[in-house]
Every structure is written in C-alpha cells, then in structure tokens.
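The next block is structure17.csv, given as CSV, C-alpha atoms.
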```csv
chain,number,residue,atom,x,y,z
I,86,MET,CA,85.5,51.5,-72.1
I,87,ASP,CA,88.5,54.0,-71.8
I,88,PRO,CA,87.6,57.6,-70.9
I,89,PRO,CA,87.3,59.9,-74.0
I,90,THR,CA,89.8,62.4,-72.7
I,91,THR,CA,92.8,60.3,-73.8
I,92,ASN,CA,92.2,60.6,-77.7
I,93,THR,CA,91.4,64.3,-77.3
I,94,ALA,CA,94.8,64.9,-75.6
I,95,ALA,CA,96.6,63.1,-78.5
I,96,PHE,CA,94.8,65.2,-81.0
I,97,LYS,CA,95.7,68.4,-79.2
I,98,TRP,CA,99.4,67.2,-79.0
I,99,HIS,CA,99.6,66.6,-82.9
I,100,ARG,CA,98.0,69.9,-83.6
I,101,GLY,CA,100.5,71.6,-81.4
I,102,ILE,CA,103.4,70.0,-83.3
I,103,PHE,CA,101.9,71.0,-86.6
I,104,ILE,CA,101.4,74.6,-85.6
I,105,GLY,CA,104.9,74.9,-84.1
I,106,THR,CA,106.5,73.5,-87.2
I,107,LEU,CA,104.7,76.0,-89.4
I,108,LEU,CA,105.8,78.9,-87.2
I,109,LEU,CA,109.4,77.7,-87.2
I,110,LEU,CA,109.6,77.6,-91.0
I,111,LEU,CA,108.0,80.9,-91.5
I,112,SER,CA,110.6,82.4,-89.2
I,113,PHE,CA,113.6,81.3,-91.5
I,114,PRO,CA,115.5,84.2,-93.4
I,115,ASN,CA,115.1,82.6,-96.8
I,116,TYR,CA,111.4,83.2,-97.3
I,117,SER,CA,111.1,81.0,-100.3
I,118,CYS,CA,112.9,78.2,-98.6
I,119,GLY,CA,110.8,78.6,-95.6
I,120,GLN,CA,107.7,78.6,-97.7
I,121,GLU,CA,108.7,75.5,-99.5
I,122,ALA,CA,109.7,73.7,-96.3
I,123,ALA,CA,106.5,74.8,-94.8
I,124,ALA,CA,104.6,73.6,-97.8
I,125,THR,CA,106.4,70.3,-97.8
I,126,ILE,CA,105.8,69.8,-94.2
I,127,ALA,CA,102.2,70.8,-94.7
I,128,ASP,CA,101.8,68.3,-97.5
I,129,ASP,CA,103.4,65.6,-95.4
I,130,VAL,CA,101.2,66.5,-92.5
I,131,ILE,CA,98.1,66.6,-94.7
I,132,ASP,CA,99.1,63.4,-96.5
I,133,GLY,CA,100.3,61.5,-93.5
I,134,ASP,CA,100.2,61.7,-89.8
I,135,VAL,CA,97.9,64.7,-89.3
I,136,VAL,CA,95.2,63.3,-91.6
I,137,GLY,CA,95.6,60.0,-89.9
I,138,ASP,CA,95.3,61.7,-86.6
I,139,VAL,CA,92.2,63.5,-87.7
I,140,THR,CA,90.9,60.2,-89.0
I,141,ASP,CA,91.8,58.7,-85.7
I,142,LEU,CA,90.1,61.7,-84.0
I,143,GLY,CA,86.9,60.9,-86.0
I,144,ASP,CA,87.2,57.3,-84.9
I,145,VAL,CA,87.7,58.5,-81.4
I,146,VAL,CA,84.7,60.7,-81.6
I,147,GLY,CA,82.6,57.9,-83.1
I,148,ASP,CA,83.8,55.5,-80.4
I,149,ALA,CA,83.0,58.2,-77.8
I,150,MET,CA,79.6,58.7,-79.3
I,151,ALA,CA,79.0,54.9,-79.2
I,152,ASP,CA,80.2,54.9,-75.6
I,153,LEU,CA,78.0,57.8,-74.8
I,154,THR,CA,75.0,56.0,-76.5
I,155,GLU,CA,75.7,52.9,-74.4
I,156,LEU,CA,76.2,55.0,-71.3
I,157,VAL,CA,72.9,56.8,-72.0
I,158,GLN,CA,71.2,53.4,-72.6
I,159,GLU,CA,72.7,52.1,-69.4
I,160,LEU,CA,71.7,55.2,-67.6
I,161,ASP,CA,68.2,54.8,-69.1
I,162,LEU,CA,68.1,51.2,-67.9
I,163,GLU,CA,69.4,52.2,-64.5
I,164,GLU,CA,66.8,55.0,-64.4
I,165,GLY,CA,64.2,52.5,-65.4
I,166,ASP,CA,65.4,50.2,-62.8
I,167,VAL,CA,65.3,53.0,-60.3
I,168,THR,CA,61.9,53.9,-61.5
I,169,GLY,CA,60.8,50.3,-61.1
I,170,VAL,CA,62.3,50.2,-57.6
I,171,VAL,CA,60.5,53.4,-56.8
I,172,ASP,CA,57.3,52.0,-58.3
I,173,ASP,CA,57.8,48.8,-56.2
I,174,VAL,CA,58.4,50.9,-53.2
I,175,ASP,CA,55.3,52.9,-54.0
I,176,ASP,CA,53.3,49.8,-54.6
I,177,LYS,CA,54.6,48.3,-51.3
I,178,THR,CA,53.9,51.6,-49.5
I,179,THR,CA,50.5,51.6,-51.1
I,180,GLU,CA,49.9,48.0,-50.0
I,181,GLU,CA,51.3,48.7,-46.6
I,182,GLU,CA,49.2,51.8,-46.0
I,183,PRO,CA,45.8,50.0,-46.1
I,184,ALA,CA,47.4,47.2,-44.0
I,185,ALA,CA,48.6,49.8,-41.5
I,186,THR,CA,45.3,51.6,-41.6
I,187,ALA,CA,43.5,48.3,-41.1
I,188,ALA,CA,45.8,47.4,-38.3
I,189,ALA,CA,45.3,50.9,-36.7
I,190,ALA,CA,41.5,50.4,-37.2
I,191,THR,CA,41.7,47.0,-35.6
I,192,ASP,CA,43.7,48.4,-32.7
I,193,SER,CA,41.1,51.2,-32.4
I,194,GLU,CA,38.3,48.7,-32.5
I,195,GLU,CA,40.0,46.5,-29.9
I,196,THR,CA,40.6,49.6,-27.8
I,197,ALA,CA,37.0,50.7,-28.2
I,198,ASP,CA,35.9,47.1,-27.4
I,199,ALA,CA,38.1,47.1,-24.4
I,200,GLU,CA,36.7,50.5,-23.3
I,201,THR,CA,33.2,49.3,-24.0
I,202,ALA,CA,33.8,46.1,-22.0
I,203,ALA,CA,35.3,48.2,-19.2
I,204,THR,CA,32.3,50.5,-19.3
I,205,THR,CA,29.9,47.6,-19.5
I,206,THR,CA,31.7,46.0,-16.5
I,207,ALA,CA,31.6,49.2,-14.6
I,208,THR,CA,27.9,49.6,-15.5
I,209,ASP,CA,27.2,46.0,-14.5
I,210,ASN,CA,29.0,46.6,-11.2
I,211,VAL,CA,27.0,49.8,-10.6
I,212,GLU,CA,23.8,48.0,-11.5
I,213,SER,CA,24.8,45.1,-9.3
I,214,ASN,CA,25.5,47.4,-6.4
I,215,ALA,CA,22.2,49.3,-7.1
I,216,ASP,CA,20.4,45.9,-7.2
I,217,ALA,CA,22.1,44.9,-4.0
I,218,GLU,CA,21.1,48.2,-2.4
I,219,THR,CA,17.6,47.9,-3.7
I,220,ALA,CA,17.3,44.4,-2.4
I,221,THR,CA,18.6,45.5,1.0
I,222,SER,CA,16.2,48.5,1.0
I,223,THR,CA,13.4,46.2,-0.1
I,224,GLU,CA,14.2,43.7,2.7
I,225,SER,CA,14.4,46.6,5.2
I,226,GLU,CA,11.1,47.9,4.0
I,227,THR,CA,9.5,44.4,4.1
I,228,GLN,CA,10.9,44.0,7.7
I,229,THR,CA,9.6,47.4,8.7
I,230,GLN,CA,6.2,46.6,7.1
I,231,ALA,CA,6.1,43.2,8.9
I,232,GLU,CA,6.9,44.9,12.2
I,233,ALA,CA,4.3,47.5,11.6
I,234,ALA,CA,1.8,44.8,10.6
I,235,ALA,CA,2.5,42.7,13.6
I,236,PRO,CA,0.1,43.6,16.4
I,237,ALA,CA,1.7,45.3,19.4
I,238,VAL,CA,1.6,43.3,22.6
I,239,GLN,CA,-0.6,45.2,25.0
I,240,SER,CA,-1.5,44.7,28.6
I,241,GLY,CA,-3.6,46.5,31.2
I,242,PRO,CA,-7.1,46.6,32.7
I,243,TYR,CA,-8.7,47.8,29.5
I,244,ILE,CA,-7.1,45.1,27.4
I,245,ASP,CA,-8.7,42.5,29.6
I,246,LEU,CA,-12.0,44.2,29.3
I,247,LEU,CA,-12.1,45.4,25.6
I,248,GLY,CA,-9.4,43.5,23.8
I,249,ASP,CA,-6.5,44.9,21.7
I,250,VAL,CA,-8.4,46.9,19.0
I,251,LEU,CA,-11.0,49.6,19.0
I,252,LEU,CA,-12.6,51.3,16.0
I,253,SER,CA,-13.4,54.9,15.0
I,254,LEU,CA,-15.4,56.2,12.1
I,255,GLU,CA,-14.6,59.2,9.9
I,256,MET,CA,-17.1,60.6,7.5
I,257,VAL,CA,-15.6,61.1,4.1
I,258,ASP,CA,-18.7,62.8,2.7
I,259,ASP,CA,-22.5,62.6,3.3
I,260,ALA,CA,-22.7,59.1,1.8
I,261,HIS,CA,-19.3,57.5,2.6
I,262,ALA,CA,-17.4,56.8,5.8
I,263,GLN,CA,-14.0,55.3,6.6
I,264,VAL,CA,-13.3,53.0,9.6
I,265,HIS,CA,-10.0,53.2,11.4
I,266,GLN,CA,-8.4,50.8,13.9
I,267,HIS,CA,-6.6,51.8,17.0
I,268,ASN,CA,-4.7,50.0,19.7
I,269,THR,CA,-6.8,50.0,22.9
I,270,ASN,CA,-4.1,51.4,25.2
I,271,GLU,CA,-3.2,54.2,22.7
I,272,ALA,CA,-6.8,55.1,22.2
I,273,LEU,CA,-7.6,55.3,25.9
I,274,SER,CA,-4.2,56.8,27.0
I,275,GLY,CA,-4.8,59.9,29.2
I,276,LYS,CA,-8.5,59.4,29.6
I,277,LYS,CA,-9.8,60.0,33.2
I,278,VAL,CA,-13.2,58.6,32.5
I,279,VAL,CA,-14.3,55.8,30.1
I,280,GLY,CA,-17.9,55.1,29.4
I,281,LEU,CA,-19.2,51.8,28.1
I,282,TYR,CA,-22.4,52.6,26.1
I,283,PHE,CA,-24.7,49.6,25.4
I,284,SER,CA,-27.1,50.5,22.6
I,285,ALA,CA,-28.6,49.3,19.3
I,286,ASP,CA,-30.2,50.8,16.2
I,287,TRP,CA,-33.5,48.9,16.7
I,288,CYS,CA,-34.0,50.3,20.2
I,289,GLY,CA,-36.3,53.4,20.4
I,290,PRO,CA,-35.1,54.8,23.7
I,291,CYS,CA,-31.5,54.4,22.4
I,292,LYS,CA,-32.3,56.6,19.4
I,293,GLN,CA,-33.7,59.2,21.7
I,294,PHE,CA,-30.7,59.1,24.1
I,295,THR,CA,-27.8,58.9,21.7
I,296,PRO,CA,-28.1,62.5,20.4
I,297,ASP,CA,-28.2,63.8,24.0
I,298,LEU,CA,-25.1,61.7,24.8
I,299,VAL,CA,-23.3,63.1,21.8
I,300,ASN,CA,-23.9,66.7,23.1
I,301,PHE,CA,-22.9,65.8,26.6
I,302,TYR,CA,-19.7,64.1,25.4
I,303,ASN,CA,-18.7,67.1,23.4
I,304,LYS,CA,-19.4,69.4,26.3
I,305,MET,CA,-17.3,67.5,28.8
I,306,ASN,CA,-14.3,67.2,26.5
I,307,ALA,CA,-14.4,71.0,25.8
I,308,ARG,CA,-14.1,71.9,29.5
I,309,ARG,CA,-11.2,74.2,30.4
I,310,GLY,CA,-8.3,72.1,31.8
I,311,LYS,CA,-10.1,68.8,31.2
I,312,GLN,CA,-10.1,68.6,27.4
I,313,ASN,CA,-10.4,65.1,25.9
I,314,GLU,CA,-10.4,63.4,29.3
I,315,PHE,CA,-13.6,61.6,28.6
I,316,GLU,CA,-14.0,58.7,26.1
I,317,ILE,CA,-16.9,56.4,25.2
I,318,VAL,CA,-16.7,52.9,23.8
I,319,TRP,CA,-19.8,51.7,22.1
I,320,ILE,CA,-20.8,48.1,22.8
I,321,SER,CA,-23.2,47.4,20.0
I,322,ARG,CA,-26.3,45.4,20.4
I,323,CYS,CA,-27.1,45.6,16.7
I,324,ARG,CA,-28.2,42.4,14.9
I,325,THR,CA,-26.0,42.8,11.7
I,326,VAL,CA,-22.8,44.4,10.7
I,327,ASP,CA,-24.6,46.7,8.2
I,328,ASP,CA,-26.8,47.9,11.0
I,329,PHE,CA,-23.7,48.5,13.1
I,330,GLY,CA,-22.2,50.6,10.3
I,331,GLN,CA,-25.3,52.7,9.8
I,332,TYR,CA,-25.8,53.4,13.5
I,333,PHE,CA,-22.1,54.2,14.1
I,334,THR,CA,-22.4,57.2,11.7
I,335,GLN,CA,-24.4,58.9,14.4
I,336,MET,CA,-21.6,58.7,16.9
I,337,ASN,CA,-18.2,60.5,17.3
I,338,TRP,CA,-16.5,58.1,19.7
I,339,LEU,CA,-14.9,54.7,19.7
I,340,ALA,CA,-16.6,51.3,19.3
I,341,LEU,CA,-15.8,47.7,20.0
I,342,PRO,CA,-15.5,45.7,16.8
I,343,PRO,CA,-18.9,44.3,15.8
I,344,ASN,CA,-17.8,40.7,15.9
I,345,GLU,CA,-16.5,41.2,19.5
I,346,ALA,CA,-19.5,43.2,20.6
I,347,MET,CA,-22.0,40.7,19.2
I,348,GLY,CA,-19.9,37.7,20.4
I,349,GLN,CA,-18.6,36.4,23.7
I,350,ARG,CA,-16.8,39.6,24.8
I,351,GLY,CA,-20.0,41.6,24.5
I,352,GLN,CA,-21.9,39.0,26.5
I,353,TYR,CA,-19.2,39.0,29.1
I,354,LEU,CA,-19.3,42.8,29.5
I,355,GLY,CA,-23.1,42.8,29.8
I,356,GLU,CA,-22.9,40.2,32.6
I,357,LYS,CA,-20.0,41.9,34.4
I,358,PHE,CA,-21.7,45.3,34.6
I,359,LYS,CA,-25.2,43.9,35.1
I,360,VAL,CA,-26.8,45.3,32.0
I,361,GLN,CA,-30.5,44.6,32.2
I,362,SER,CA,-31.7,46.9,29.5
I,363,ILE,CA,-30.5,49.4,26.9
I,364,PRO,CA,-29.5,52.1,26.6
I,365,THR,CA,-27.0,51.6,29.5
I,366,LEU,CA,-24.0,53.9,30.2
I,367,VAL,CA,-21.4,52.5,32.6
I,368,LEU,CA,-18.7,55.0,33.7
I,369,LEU,CA,-15.2,53.6,34.7
I,370,ASP,CA,-12.1,55.4,36.0
I,371,GLU,CA,-8.6,55.3,34.4
I,372,ILE,CA,-7.8,51.9,35.8
I,373,GLY,CA,-11.2,50.3,35.0
I,374,ASN,CA,-12.9,50.6,38.4
I,375,VAL,CA,-16.6,51.3,38.3
I,376,ILE,CA,-17.6,54.9,39.0
I,377,THR,CA,-21.3,54.4,38.3
I,378,LEU,CA,-23.5,51.9,36.5
I,379,ASP,CA,-26.3,54.5,36.0
I,380,GLY,CA,-24.8,57.1,33.7
I,381,ARG,CA,-27.9,56.9,31.6
I,382,GLY,CA,-30.0,58.2,34.6
I,383,LYS,CA,-27.4,60.8,35.7
I,384,ILE,CA,-27.1,62.8,32.4
I,385,PRO,CA,-30.8,64.0,32.2
I,386,LEU,CA,-30.5,65.2,35.8
I,387,ASP,CA,-27.2,67.0,35.3
I,388,LYS,CA,-27.0,68.0,31.6
I,389,ALA,CA,-24.4,70.7,32.4
I,390,GLY,CA,-22.2,68.0,33.9
I,391,ILE,CA,-21.5,69.9,37.2
I,392,GLY,CA,-21.1,66.7,39.2
I,393,PHE,CA,-19.6,64.6,36.4
I,394,PRO,CA,-18.5,61.8,36.6
I,395,TRP,CA,-20.6,61.5,39.8
I,396,ARG,CA,-18.1,59.7,42.0
I,397,SER,CA,-18.9,58.9,45.6
I,398,PRO,CA,-17.1,61.0,48.2
I,399,MET,CA,-14.9,58.0,49.2
I,400,SER,CA,-14.0,57.3,45.6
I,401,VAL,CA,-13.0,61.0,45.1
I,402,LEU,CA,-10.8,60.8,48.2
I,403,ILE,CA,-9.1,57.6,47.2
I,404,SER,CA,-8.4,58.9,43.6
I,405,THR,CA,-7.0,62.1,45.0
I,406,LEU,CA,-4.7,60.6,47.7
I,407,VAL,CA,-3.7,57.3,46.1
I,408,PRO,CA,-1.5,57.4,42.9
I,409,ARG,CA,-2.8,55.6,39.9
I,410,SER,CA,0.0,53.1,39.8
I,411,PHE,CA,-0.6,52.0,43.4
I,412,ARG,CA,-4.3,51.8,42.8
I,413,LEU,CA,-3.7,49.6,39.7
I,414,LEU,CA,-1.4,47.4,41.7
I,415,ILE,CA,-4.0,47.0,44.5
I,416,LYS,CA,-6.7,46.2,42.0
I,417,THR,CA,-4.5,43.6,40.3
I,418,GLN,CA,-3.5,41.9,43.6
I,419,PHE,CA,-7.1,42.1,44.8
I,420,ALA,CA,-8.3,40.6,41.6
I,421,GLY,CA,-5.8,37.7,42.0
I,422,VAL,CA,-6.8,37.1,45.6
I,423,LEU,CA,-10.5,37.3,44.8
I,424,GLY,CA,-10.0,34.8,42.0
I,425,LEU,CA,-8.3,32.4,44.4
I,426,VAL,CA,-11.1,32.9,47.0
I,427,LYS,CA,-13.7,32.2,44.3
I,428,GLY,CA,-11.8,29.1,43.2
I,429,VAL,CA,-11.7,27.8,46.8
I,430,ILE,CA,-15.3,28.6,47.4
I,431,LEU,CA,-16.4,27.0,44.2
I,432,GLY,CA,-14.2,24.0,44.8
I,433,LYS,CA,-15.6,23.5,48.3
I,434,GLY,CA,-19.1,24.0,47.1
I,435,ASN,CA,-18.6,21.3,44.4
I,436,LYS,CA,-17.2,18.9,47.0
I,437,LEU,CA,-20.1,19.7,49.3
I,438,LYS,CA,-22.5,19.0,46.5
I,439,GLU,CA,-20.8,15.7,45.6
I,440,ALA,CA,-20.8,14.7,49.3
I,441,LEU,CA,-24.5,15.5,49.6
I,442,LYS,CA,-25.2,13.6,46.4
I,443,SER,CA,-23.2,10.6,47.6
I,444,GLY,CA,-25.0,10.7,51.0
I,445,GLY,CA,-28.4,10.9,49.4
I,446,GLN,CA,-27.6,7.9,47.2
I,447,ARG,CA,-26.8,5.9,50.3
```

Please lay out the structure from this file as structure tokens.
Amino acid sequence: MDPPTTNTAAFKWHRGIFIGTLLLLLSFPNYSCGQEAAATIADDVIDGDVVGDVTDLGDVVGDAMADLTELVQELDLEEGDVTGVVDDVDDKTTEEEPAATAAAATDSEETADAETAATTTATDNVESNADAETATSTESETQTQAEAAAPAVQSGPYIDLLGDVLLSLEMVDDAHAQVHQHNTNEALSGKKVVGLYFSADWCGPCKQFTPDLVNFYNKMNARRGKQNEFEIVWISRCRTVDDFGQYFTQMNWLALPPNEAMGQRGQYLGEKFKVQSIPTLVLLDEIGNVITLDGRGKIPLDKAGIGFPWRSPMSVLISTLVPRSFRLLIKTQFAGVLGLVKGVILGKGNKLKEALKSGGQR
C-alpha cells in the first residue's frame, strides 16, 4: 500500500491552481469580464477537474482509511502476537522458575547431604579415635590391674618363715570388721623386734595374757625414738576360721592367714621354736634370729619394758657392731653350710643304719 501523503499533495496542488486562477481573474481591469471569466472557470472547475479531484480525494481518504484499518488490524495482530510471545515467555519463565527452584533445592539438599556426610564422617572419625583411645586406656588399665593383682616376688628371712602375706584387722563398727592383706616384707619393714605369738581362743591362760600383751605392745611402740619398731604376728591355734575371726578382734597386730597357721607352716613354726604350750611369745630380731623364746615369762617381770627385748650381752654387742646386711649374709651362709652338714650327717647315718642292718642280717 502507497503512503497516504501522495494523494494529499495532489489535492493541495489542484487547490492551489484553483485559488490562483480566481485571484488572477479578479485582478483584471474589466470587472465584469473578470467576474464572468472567474465564474466560467469556477463552473469548469466545479463541473470538471476540481470536483473530480475532490472525488478522488474522497477515494484517497477512503483508501487511506481502509489502509489504516488494515494497518490497525495488522498492528492488533502483531500486538496479539507480541502478547502471545510475552505470554509464552511468561509461561516459560513460570515453568522454568519452579524448575530452577527445584534445581536449587536439589543442589541445596545435595550440599546439605554432603555436609551431613562430611560431619558424619568427621564424627565417625572422632568416635573411632575416641574408641581407639578408650580401648588403649582400657588395655592400659587392665595391664595395670593385672600387674597390681600379680603378687610381688619377695625374698628374705621372714618370707621363709611366714610366707608372702600377712593379715590385719580393722574394726568398722562394734559388730563389723574388715580384714586387709599385706606383703610380708612391707609389713615388717623397719621393725627391730618381731614377736611370734602362739595362742588360741579356747585357751584360758591365752585369754588372760592377751590383754596384757596388747598393753605392752602399745607401750613399746609409743617409746620416744623407738616408735613402731615392735611388731607381733599371731600364729593361731584356733580350731575354725570363725573362731580365728572372733579372737582376732581382740588384737591390734598382724596375723598369719588361718589356713597357713592351722596348716603345715604353723606346725613348722611350732617345731622350729620348740613351742610346748600356749601362750608362747618368741622374740626375733630384724633378720629373724632368736632373741628369746620366753617372752611370755619376761613381760610379767618387766611390764615397763625397761630391759626389752631382753637380749643377751653378746647379742647386744653383735647387733651394735655388725651391720644388718653383714649379719644377714652370715646367717644365710651359715644356714647353707648347716644344711650341707645336716645332709652329710643324715646321709652317713642312713648308710650306717643300712650297714648295721645288712650286718645283722648276715
């Protein structure tokens, strides 16, 4: 479609000619002639070209309006198309936004899962390390407990006499007591005098002497400069363990375990120290040498303990001049030599007996 400005220009051109012609005729000297000419021209213009031009102008305007209508329709269509495109874009945007949101949420969930997994892994590592440390600590504690439970290896003259363990008793209240175990060497460490007290609950003289011995024991251990240098180990002659427990509550010193005292060790000690009756109190020095076998008879005569532990003058001299380690070495060596001598004597005696028997049979 041609632009509407072309017909409008033609209309303006014809109108210009028409107006110019009228002005020219009116300007003639003969007014009537001019008026007639002008009228003639006007009639011609009205009858012919000008009217045609005006008609053409109406056609042009009609065509222009039709074109404008088509243009508006096209513009409406294009606007509809644009609106449709915009709607499509909006729809796509609307569709893409949930997708993007879902994708972002998925990424966030994946990130959260990754962080949770990392946290879980770190927690597992920490727990694993804690479990490993706990296992190591438990093993160390178990090893320490095993070492603590394992009996210590002891040696010395009192181990040979009394064994590895001695007992003490602690009164919890008037009706209950608790028994404690002690290593023999630790219990007797630092003791200058050790008494072996042979006694029993069924023995009348024992019941009379035990309270006196408790008082004497406390007094000797309270002496200035000689505190806790005296210890007593009870060698029970009770018939049952219950009797042992009941009688032990009357004492504040150590005791040989009842199974040892009422067994072979108790019998060995009785024979070694020539125990003929009870109560008997044997006093030994720090290395197990005999000071006196009659402590039971000494105490009533010296209740103040002025001469305690009643050593012989020679024993006092030896203990003063000879160090304990050297005396212990001499005793050990002497015991070994004495054992060999006894073995030889016993061996020769057996041979002599066999020879006498064989000679008698002949």

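Close to (-15.3, 51.3, 21.6), meaning no more than 10 Å away when counting all atoms listed in the file, sit the residues I:Leu247, I:Val250, I:Leu251, I:Leu252, I:Ser253, I:His267, I:Thr269, I:Ala272, I:Leu273, I:Val279, I:Gly280, I:Leu281, I:Tyr282, I:Glu316, I:Ile317, I:Val318, I:Trp319, I:Ile320, I:Ser321, I:Trp338, I:Leu339, I:Ala340, I:Leu341, I:Pro342, I:Pro343, I:Ala346.
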
Atom CA of I:Asn374 to atom CA of I:Lys292, straight-line distance in Å: 27.8 Å

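Counting from atom CA of I:Asn337, the distance to atom CA of I:Gly382 is 21.1 Å.
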
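Going from atom CA of I:Asp249 to atom CA of I:Leu369 covers 17.9 Å.
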
Contacts of I:Val299 at 7 Å (all atoms listed in the file; same-chain gap of 4+ positions) as a ChimeraX atom specification: /I:295,303,336

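Near I:Cys323, within 9 Å and counting all atoms listed in the file, sit Ser284, Ala285, Asp286, Trp287, Ser321, Thr325, Val326, Asp327, Asp328, Phe329, Tyr332, Pro343, Ala346 and Met347 of chain I; same-chain residues fewer than 2 positions away were not included.
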
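Between I:Cys291 and the residues I:Ile363, I:Ala260, I:Ile244, I:Ile391, the shortest atom-to-atom distance, using all atoms listed in the file, involves I:Ile363.
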
Stretch 309-315 of chain I environment, 6 Å, all atoms listed in the file, sequence neighbours closer than 4 positions dropped, as number ranges by chain: I: 276-278

Can those selected residues be exported to a file as a PDB file, in the coordinates of the input so that it contains C-alpha atoms?
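Dumped everything to out38.pdb:
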```pdb
ATOM      1  CA  LYS I 276      -8.500  59.400  29.600  1.00  0.00           C
ATOM      2  CA  LYS I 277      -9.800  60.000  33.200  1.00  0.00           C
ATOM      3  CA  VAL I 278     -13.200  58.600  32.500  1.00  0.00           C
TER       4      VAL I 278
END
```

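Counting all atoms listed in the file and comparing I:Pro296, I:Asp258, I:Phe393, I:Gly275, the residue that lies closest to I:Arg308 is I:Phe393.
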
Using all atoms listed in the file, the best pick from I:Ser362, I:Thr377, I:Ser404, I:Gln239 as closest to I:Asn268 would be I:Gln239

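Nearest to I:Leu368 of all the residues I:Ala262, I:Lys388, I:Lys304, I:Pro394 is I:Pro394, based on all atoms listed in the file.
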
With distances taken over all atoms listed in the file, which of I:Val375, I:Val360, I:Val407, I:Met305 is nearest to I:Gly390? I:Met305
